[in-house]
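> The file below is upload_12.csv, CSV, C-alpha atoms:
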```csv
chain,number,residue,atom,x,y,z
A,18,MET,CA,-42.5,-67.3,-82.6
A,19,THR,CA,-40.6,-64.3,-83.9
A,20,SER,CA,-41.5,-60.9,-82.4
A,21,THR,CA,-41.5,-57.8,-84.5
A,22,GLU,CA,-41.7,-55.5,-81.5
A,23,PRO,CA,-38.7,-53.2,-80.9
A,24,LYS,CA,-36.5,-54.5,-78.1
A,25,ARG,CA,-35.3,-51.0,-77.0
A,26,PHE,CA,-37.6,-48.0,-76.5
A,27,ARG,CA,-35.6,-44.9,-75.8
A,28,PRO,CA,-37.4,-41.9,-74.6
A,29,SER,CA,-35.4,-38.7,-74.8
A,30,ALA,CA,-35.9,-35.0,-74.0
A,31,LYS,CA,-34.7,-32.3,-76.4
A,32,ALA,CA,-34.4,-28.6,-75.8
A,33,VAL,CA,-35.5,-25.9,-78.2
A,34,VAL,CA,-33.5,-22.9,-77.0
A,35,VAL,CA,-34.0,-19.7,-78.9
A,36,VAL,CA,-32.2,-16.5,-77.8
A,37,ASP,CA,-32.2,-13.3,-79.8
A,38,GLY,CA,-33.5,-15.1,-82.9
A,39,ARG,CA,-30.9,-17.9,-82.8
A,40,LEU,CA,-31.4,-21.6,-82.1
A,41,LEU,CA,-28.9,-23.6,-80.0
A,42,VAL,CA,-27.8,-26.7,-81.8
A,43,THR,CA,-24.9,-29.1,-81.8
A,44,ARG,CA,-22.8,-29.7,-84.9
A,45,ASN,CA,-22.0,-33.4,-85.4
A,46,ARG,CA,-19.9,-35.4,-87.8
A,47,THR,CA,-20.2,-39.1,-88.7
A,48,PRO,CA,-16.8,-40.7,-89.4
A,49,GLY,CA,-16.4,-41.8,-93.0
A,50,ASP,CA,-19.5,-39.8,-94.2
A,51,ALA,CA,-18.6,-37.4,-97.0
A,52,ARG,CA,-21.8,-35.4,-96.6
A,53,PRO,CA,-21.8,-32.1,-94.6
A,54,ASP,CA,-21.9,-32.2,-90.8
A,55,TRP,CA,-25.3,-32.6,-89.3
A,56,HIS,CA,-27.0,-30.5,-86.6
A,57,ILE,CA,-29.6,-31.3,-83.9
A,58,VAL,CA,-31.1,-29.6,-80.9
A,59,PRO,CA,-29.4,-30.7,-77.6
A,60,GLY,CA,-30.8,-33.3,-75.4
A,61,GLY,CA,-30.8,-37.1,-75.0
A,62,GLY,CA,-31.9,-40.2,-73.3
A,63,GLN,CA,-33.9,-40.3,-70.2
A,64,ARG,CA,-32.4,-42.4,-67.3
A,65,PRO,CA,-34.4,-44.6,-65.0
A,66,GLY,CA,-35.9,-42.5,-62.2
A,67,GLU,CA,-35.6,-39.2,-64.1
A,68,THR,CA,-38.5,-37.1,-65.3
A,69,LEU,CA,-38.3,-35.8,-68.9
A,70,HIS,CA,-37.6,-32.3,-67.5
A,71,GLU,CA,-34.7,-33.6,-65.4
A,72,ALA,CA,-33.3,-35.5,-68.4
A,73,LEU,CA,-33.5,-32.3,-70.5
A,74,VAL,CA,-31.7,-30.2,-67.9
A,75,ARG,CA,-28.9,-32.8,-67.4
A,76,GLU,CA,-28.4,-33.6,-71.1
A,77,VAL,CA,-28.3,-29.9,-72.2
A,78,ALA,CA,-25.7,-29.2,-69.5
A,79,GLU,CA,-23.6,-32.2,-70.5
A,80,GLU,CA,-23.7,-31.5,-74.2
A,81,THR,CA,-23.5,-27.7,-74.2
A,82,GLY,CA,-22.6,-26.4,-70.8
A,83,PHE,CA,-25.8,-24.3,-70.6
A,84,GLU,CA,-28.1,-24.6,-67.7
A,85,VAL,CA,-31.7,-24.3,-68.8
A,86,VAL,CA,-35.2,-24.2,-67.4
A,87,PRO,CA,-37.7,-26.4,-69.3
A,88,GLY,CA,-40.8,-24.8,-70.7
A,89,ARG,CA,-43.8,-25.9,-72.7
A,90,LEU,CA,-44.0,-29.1,-74.7
A,91,LEU,CA,-43.5,-28.3,-78.4
A,92,TRP,CA,-43.3,-31.6,-80.3
A,93,VAL,CA,-43.1,-35.3,-80.0
A,94,ARG,CA,-41.3,-37.3,-82.7
A,95,GLU,CA,-40.7,-41.0,-83.1
A,96,LEU,CA,-37.7,-42.5,-84.8
A,97,ILE,CA,-38.5,-46.1,-85.8
A,98,ALA,CA,-35.2,-47.6,-86.8
A,99,ALA,CA,-36.7,-50.6,-88.6
A,100,ARG,CA,-38.1,-48.1,-91.2
A,101,ARG,CA,-34.7,-46.5,-91.8
A,102,THR,CA,-32.5,-48.8,-93.7
A,103,GLU,CA,-30.4,-46.0,-95.0
A,104,PHE,CA,-29.2,-45.0,-91.4
A,105,PRO,CA,-26.8,-47.1,-89.3
A,106,PHE,CA,-29.4,-47.8,-86.5
A,107,ASP,CA,-30.2,-51.0,-84.9
A,108,PRO,CA,-33.5,-52.0,-86.5
A,109,GLU,CA,-34.8,-53.0,-83.0
A,110,ASP,CA,-34.5,-49.4,-81.7
A,111,HIS,CA,-37.4,-47.1,-81.4
A,112,ALA,CA,-36.7,-43.6,-80.1
A,113,ILE,CA,-39.4,-41.2,-78.8
A,114,GLU,CA,-38.1,-37.6,-78.7
A,115,VAL,CA,-40.0,-35.2,-76.6
A,116,MET,CA,-39.1,-31.6,-77.5
A,117,PHE,CA,-39.6,-28.8,-75.0
A,118,ALA,CA,-39.0,-25.0,-75.2
A,119,ALA,CA,-36.2,-24.2,-72.8
A,120,THR,CA,-34.7,-21.0,-71.4
A,121,PRO,CA,-31.1,-20.5,-70.5
A,122,THR,CA,-30.5,-19.3,-66.9
A,123,GLY,CA,-27.3,-17.5,-67.7
A,124,VAL,CA,-25.2,-20.1,-66.0
A,125,VAL,CA,-22.7,-21.6,-68.5
A,126,SER,CA,-19.9,-24.1,-67.9
A,127,GLU,CA,-17.8,-26.4,-70.1
A,128,PRO,CA,-19.8,-29.3,-71.6
A,129,SER,CA,-19.1,-32.4,-69.4
A,130,GLU,CA,-20.2,-35.3,-71.6
A,131,VAL,CA,-20.6,-34.7,-75.3
A,132,ASP,CA,-22.0,-37.2,-77.7
A,133,SER,CA,-19.4,-39.2,-79.7
A,134,TYR,CA,-20.2,-37.5,-83.0
A,135,GLN,CA,-20.5,-34.0,-81.5
A,136,GLN,CA,-18.0,-31.4,-82.9
A,137,GLU,CA,-19.2,-28.1,-81.3
A,138,VAL,CA,-22.1,-26.1,-79.9
A,139,VAL,CA,-23.4,-23.4,-82.2
A,140,TRP,CA,-26.2,-20.8,-82.5
A,141,VAL,CA,-28.0,-20.6,-85.8
A,142,THR,CA,-30.4,-18.1,-87.3
A,143,GLY,CA,-33.6,-19.1,-89.1
A,144,PRO,CA,-32.0,-18.6,-92.6
A,145,GLU,CA,-28.9,-20.6,-91.5
A,146,LEU,CA,-31.2,-23.4,-90.3
A,147,GLU,CA,-32.6,-23.7,-93.8
A,148,ARG,CA,-29.1,-24.2,-95.3
A,149,ILE,CA,-27.6,-26.7,-92.8
A,150,ARG,CA,-28.1,-30.4,-92.6
A,151,PHE,CA,-30.6,-30.5,-89.6
A,152,TYR,CA,-32.4,-33.5,-88.1
A,153,PRO,CA,-35.3,-33.9,-88.3
A,154,ALA,CA,-35.3,-31.8,-91.5
A,155,SER,CA,-39.1,-32.0,-91.6
A,156,LEU,CA,-39.2,-29.9,-88.4
A,157,VAL,CA,-37.4,-26.9,-89.8
A,158,PRO,CA,-40.5,-25.0,-90.9
A,159,ALA,CA,-42.1,-25.4,-87.5
A,160,ILE,CA,-38.9,-24.4,-85.7
A,161,ARG,CA,-38.7,-21.3,-88.0
A,162,ARG,CA,-42.2,-20.3,-87.1
A,163,TYR,CA,-41.5,-20.9,-83.4
A,164,MET,CA,-38.3,-18.8,-83.6
A,165,THR,CA,-40.3,-15.8,-84.8
A,166,GLY,CA,-43.1,-16.2,-82.3
A,167,GLY,CA,-45.5,-18.1,-84.6
A,168,ASP,CA,-47.6,-21.2,-84.0
A,169,PRO,CA,-45.3,-24.2,-83.7
A,170,GLY,CA,-48.0,-26.4,-85.3
A,171,PRO,CA,-49.1,-29.9,-84.3
A,172,VAL,CA,-47.4,-31.4,-81.3
A,173,TYR,CA,-47.3,-35.0,-82.5
A,174,LEU,CA,-45.1,-35.3,-85.5
A,175,GLY,CA,-45.0,-39.1,-85.9
A,176,ASP,CA,-42.1,-41.0,-87.5
A,177,VAL,CA,-40.4,-38.2,-89.4
A,178,ASP,CA,-37.0,-37.4,-90.8
```
Would you write out, as structure tokens, the structure that this file holds?

Amino acid sequence: MTSTEPKRFRPSAKAVVVVDGRLLVTRNRTPGDARPDWHIVPGGGQRPGETLHEALVREVAEETGFEVVPGRLLWVRELIAARRTEFPFDPEDHAIEVMFAATPTGVVSEPSEVDSYQQEVVWVTGPELERIRFYPASLVPAIRRYMTGGDPGPVYLGDVD
């Protein structure tokens, strides 16, 4: 019998950090990809024994050097690799990204463990967010609303790009 269930579920915590109307993101580059660099909010995989908040604090510090305090839950997104033949994902991966508001404490150090594609940490304005290659792109309108104090919309986003 062949199973169609994903072999690897990967919960991750992502930080939506907005300061003075700017969003904290990482700029990333895929080797050999001629398209523009891509941007994401910082965060990453939860380790066994960690809460999502603990994973968020650790991952943001590792990738950006910023110490943050997790806030309210904003969005939950799935990334079902088997549905994404255009991306170089293992089709048996299934990511669940839990995105929280986060506030920087003011403590900043050097990033200690950046992702392999990461080029730099940048702050972007709402209009800049519209012009860059951001993942998931479908979240840009909700992030823009959130950045200006508006309603972030539905919490569960489903399997979106």
> Could you pull the residues within 10 Å of Arg46 of chain A, counting all atoms listed in the file, minus those fewer than 6 positions along the same chain, as a ChimeraX atom specification?
/A:52-56,133-137
> For C-alpha atoms, I'd like the residues from the last selection saved as a compact mmCIF listing (two decimals), in the coordinates of the input.

```txt
# COMPACT_ATOMS: atom_id res chain seq x y z
CA ARG A 52 -21.80 -35.40 -96.60
CA PRO A 53 -21.80 -32.10 -94.60
CA ASP A 54 -21.90 -32.20 -90.80
CA TRP A 55 -25.30 -32.60 -89.30
CA HIS A 56 -27.00 -30.50 -86.60
CA SER A 133 -19.40 -39.20 -79.70
CA TYR A 134 -20.20 -37.50 -83.00
CA GLN A 135 -20.50 -34.00 -81.50
CA GLN A 136 -18.00 -31.40 -82.90
CA GLU A 137 -19.20 -28.10 -81.30
```
> Quick one: residues within 12 Å of (-42.0, -16.3, -81.9) (file frame), counting all atoms listed in the file, please, as JSON, numbers by chain.
{"A": [34, 35, 36, 37, 38, 39, 40, 118, 143, 159, 160, 161, 162, 163, 164, 165, 166, 167, 168, 169]}
> Just the selected residues (C-alpha atoms), exported as a PDB file, in the frame of the given file, please.

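Output contents, as saved in result_25.pdb:
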```
ATOM      1  CA  VAL A  34     -33.500 -22.900 -77.000  1.00  0.00           C
ATOM      2  CA  VAL A  35     -34.000 -19.700 -78.900  1.00  0.00           C
ATOM      3  CA  VAL A  36     -32.200 -16.500 -77.800  1.00  0.00           C
ATOM      4  CA  ASP A  37     -32.200 -13.300 -79.800  1.00  0.00           C
ATOM      5  CA  GLY A  38     -33.500 -15.100 -82.900  1.00  0.00           C
ATOM      6  CA  ARG A  39     -30.900 -17.900 -82.800  1.00  0.00           C
ATOM      7  CA  LEU A  40     -31.400 -21.600 -82.100  1.00  0.00           C
ATOM      8  CA  ALA A 118     -39.000 -25.000 -75.200  1.00  0.00           C
ATOM      9  CA  GLY A 143     -33.600 -19.100 -89.100  1.00  0.00           C
ATOM     10  CA  ALA A 159     -42.100 -25.400 -87.500  1.00  0.00           C
ATOM     11  CA  ILE A 160     -38.900 -24.400 -85.700  1.00  0.00           C
ATOM     12  CA  ARG A 161     -38.700 -21.300 -88.000  1.00  0.00           C
ATOM     13  CA  ARG A 162     -42.200 -20.300 -87.100  1.00  0.00           C
ATOM     14  CA  TYR A 163     -41.500 -20.900 -83.400  1.00  0.00           C
ATOM     15  CA  MET A 164     -38.300 -18.800 -83.600  1.00  0.00           C
ATOM     16  CA  THR A 165     -40.300 -15.800 -84.800  1.00  0.00           C
ATOM     17  CA  GLY A 166     -43.100 -16.200 -82.300  1.00  0.00           C
ATOM     18  CA  GLY A 167     -45.500 -18.100 -84.600  1.00  0.00           C
ATOM     19  CA  ASP A 168     -47.600 -21.200 -84.000  1.00  0.00           C
ATOM     20  CA  PRO A 169     -45.300 -24.200 -83.700  1.00  0.00           C
TER      21      PRO A 169
END
```
> Can you measure atom CA of Gly82 of chain A to atom CA of Leu69 of chain A for me? One decimal in Å is fine.
18.4 Å
> Nearest residue to Gly123 of chain A out of A:Val85, A:Val58, A:Arg148, A:Glu80, using only C-alpha atoms?
A:Val85
> Taking (-39.2, -29.9, -78.9) in the file's coordinates as the center, which residues reach within 10 Å of it, counting only C-alpha atoms, put as a list of chain:residue names?
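Checked against the point, the hits come out as A:Ala30, A:Lys31, A:Ala32, A:Val33, A:Val34, A:Val58, A:Pro59, A:Gly60, A:Gly88, A:Arg89, A:Leu90, A:Leu91, A:Trp92, A:Val93, A:Arg94, A:Glu114, A:Val115, A:Met116, A:Phe117, A:Ala118, A:Ala119, A:Leu156, A:Ile160, A:Pro169, A:Val172.
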> In Å to one decimal, how far is atom CA of Thr120 of chain A from atom CA of Val141 of chain A?
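Calculated distance between atom CA of Val141 of chain A and atom CA of Thr120 of chain A is 15.9 Å.
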> With the input short on atoms, add N, CA and C atoms back to segment 97-126 of chain A and write it as a CSV table (one decimal), keeping the file's coordinate frame.

```
chain,number,residue,atom,x,y,z
A,97,ILE,N,-38.4,-44.7,-85.8
A,97,ILE,CA,-38.5,-46.1,-85.8
A,97,ILE,C,-37.4,-46.6,-86.7
A,98,ALA,N,-36.4,-47.2,-86.1
A,98,ALA,CA,-35.2,-47.6,-86.8
A,98,ALA,C,-35.5,-48.6,-87.9
A,99,ALA,N,-36.4,-49.5,-87.6
A,99,ALA,CA,-36.7,-50.6,-88.6
A,99,ALA,C,-37.2,-50.0,-89.9
A,100,ARG,N,-37.7,-48.8,-89.9
A,100,ARG,CA,-38.1,-48.1,-91.2
A,100,ARG,C,-37.0,-47.3,-91.8
A,101,ARG,N,-35.8,-47.3,-91.3
A,101,ARG,CA,-34.7,-46.5,-91.8
A,101,ARG,C,-33.5,-47.3,-92.2
A,102,THR,N,-33.6,-48.0,-93.3
A,102,THR,CA,-32.5,-48.8,-93.7
A,102,THR,C,-31.3,-48.1,-94.1
A,103,GLU,N,-31.5,-46.8,-94.5
A,103,GLU,CA,-30.4,-46.0,-95.0
A,103,GLU,C,-29.5,-45.4,-93.8
A,104,PHE,N,-30.0,-45.5,-92.6
A,104,PHE,CA,-29.2,-45.0,-91.4
A,104,PHE,C,-28.6,-46.2,-90.7
A,105,PRO,N,-27.5,-46.0,-90.0
A,105,PRO,CA,-26.8,-47.1,-89.3
A,105,PRO,C,-27.4,-47.3,-87.9
A,106,PHE,N,-28.7,-47.5,-87.8
A,106,PHE,CA,-29.4,-47.8,-86.5
A,106,PHE,C,-29.6,-49.2,-86.4
A,107,ASP,N,-29.7,-49.7,-85.1
A,107,ASP,CA,-30.2,-51.0,-84.9
A,107,ASP,C,-31.7,-51.1,-85.2
A,108,PRO,N,-32.1,-52.0,-86.1
A,108,PRO,CA,-33.5,-52.0,-86.5
A,108,PRO,C,-34.5,-52.3,-85.3
A,109,GLU,N,-33.9,-52.7,-84.2
A,109,GLU,CA,-34.8,-53.0,-83.0
A,109,GLU,C,-34.9,-51.8,-82.1
A,110,ASP,N,-34.3,-50.6,-82.5
A,110,ASP,CA,-34.5,-49.4,-81.7
A,110,ASP,C,-35.7,-48.6,-82.1
A,111,HIS,N,-36.3,-48.0,-81.1
A,111,HIS,CA,-37.4,-47.1,-81.4
A,111,HIS,C,-37.3,-45.9,-80.4
A,112,ALA,N,-36.9,-44.8,-80.9
A,112,ALA,CA,-36.7,-43.6,-80.1
A,112,ALA,C,-38.0,-42.8,-80.1
A,113,ILE,N,-38.3,-42.2,-78.9
A,113,ILE,CA,-39.4,-41.2,-78.8
A,113,ILE,C,-38.7,-39.9,-78.3
A,114,GLU,N,-38.7,-38.9,-79.1
A,114,GLU,CA,-38.1,-37.6,-78.7
A,114,GLU,C,-39.2,-36.6,-78.3
A,115,VAL,N,-39.1,-36.1,-77.1
A,115,VAL,CA,-40.0,-35.2,-76.6
A,115,VAL,C,-39.3,-33.8,-76.5
A,116,MET,N,-39.8,-32.9,-77.3
A,116,MET,CA,-39.1,-31.6,-77.5
A,116,MET,C,-39.8,-30.5,-76.7
A,117,PHE,N,-39.0,-29.8,-75.8
A,117,PHE,CA,-39.6,-28.8,-75.0
A,117,PHE,C,-38.9,-27.4,-75.3
A,118,ALA,N,-39.6,-26.3,-75.2
A,118,ALA,CA,-39.0,-25.0,-75.2
A,118,ALA,C,-38.1,-25.0,-73.9
A,119,ALA,N,-37.0,-24.3,-74.0
A,119,ALA,CA,-36.2,-24.2,-72.8
A,119,ALA,C,-35.5,-22.8,-72.8
A,120,THR,N,-35.3,-22.3,-71.6
A,120,THR,CA,-34.7,-21.0,-71.4
A,120,THR,C,-33.4,-21.1,-70.7
A,121,PRO,N,-32.4,-20.5,-71.2
A,121,PRO,CA,-31.1,-20.5,-70.5
A,121,PRO,C,-31.2,-19.7,-69.2
A,122,THR,N,-30.5,-20.1,-68.2
A,122,THR,CA,-30.5,-19.3,-66.9
A,122,THR,C,-29.4,-18.3,-66.9
A,123,GLY,N,-28.5,-18.4,-67.8
A,123,GLY,CA,-27.3,-17.5,-67.7
A,123,GLY,C,-26.1,-18.2,-67.2
A,124,VAL,N,-26.3,-19.4,-66.6
A,124,VAL,CA,-25.2,-20.1,-66.0
A,124,VAL,C,-24.6,-21.0,-67.2
A,125,VAL,N,-23.3,-20.8,-67.4
A,125,VAL,CA,-22.7,-21.6,-68.5
A,125,VAL,C,-21.4,-22.2,-68.0
A,126,SER,N,-21.1,-23.4,-68.3
A,126,SER,CA,-19.9,-24.1,-67.9
A,126,SER,C,-19.4,-24.8,-69.2
```
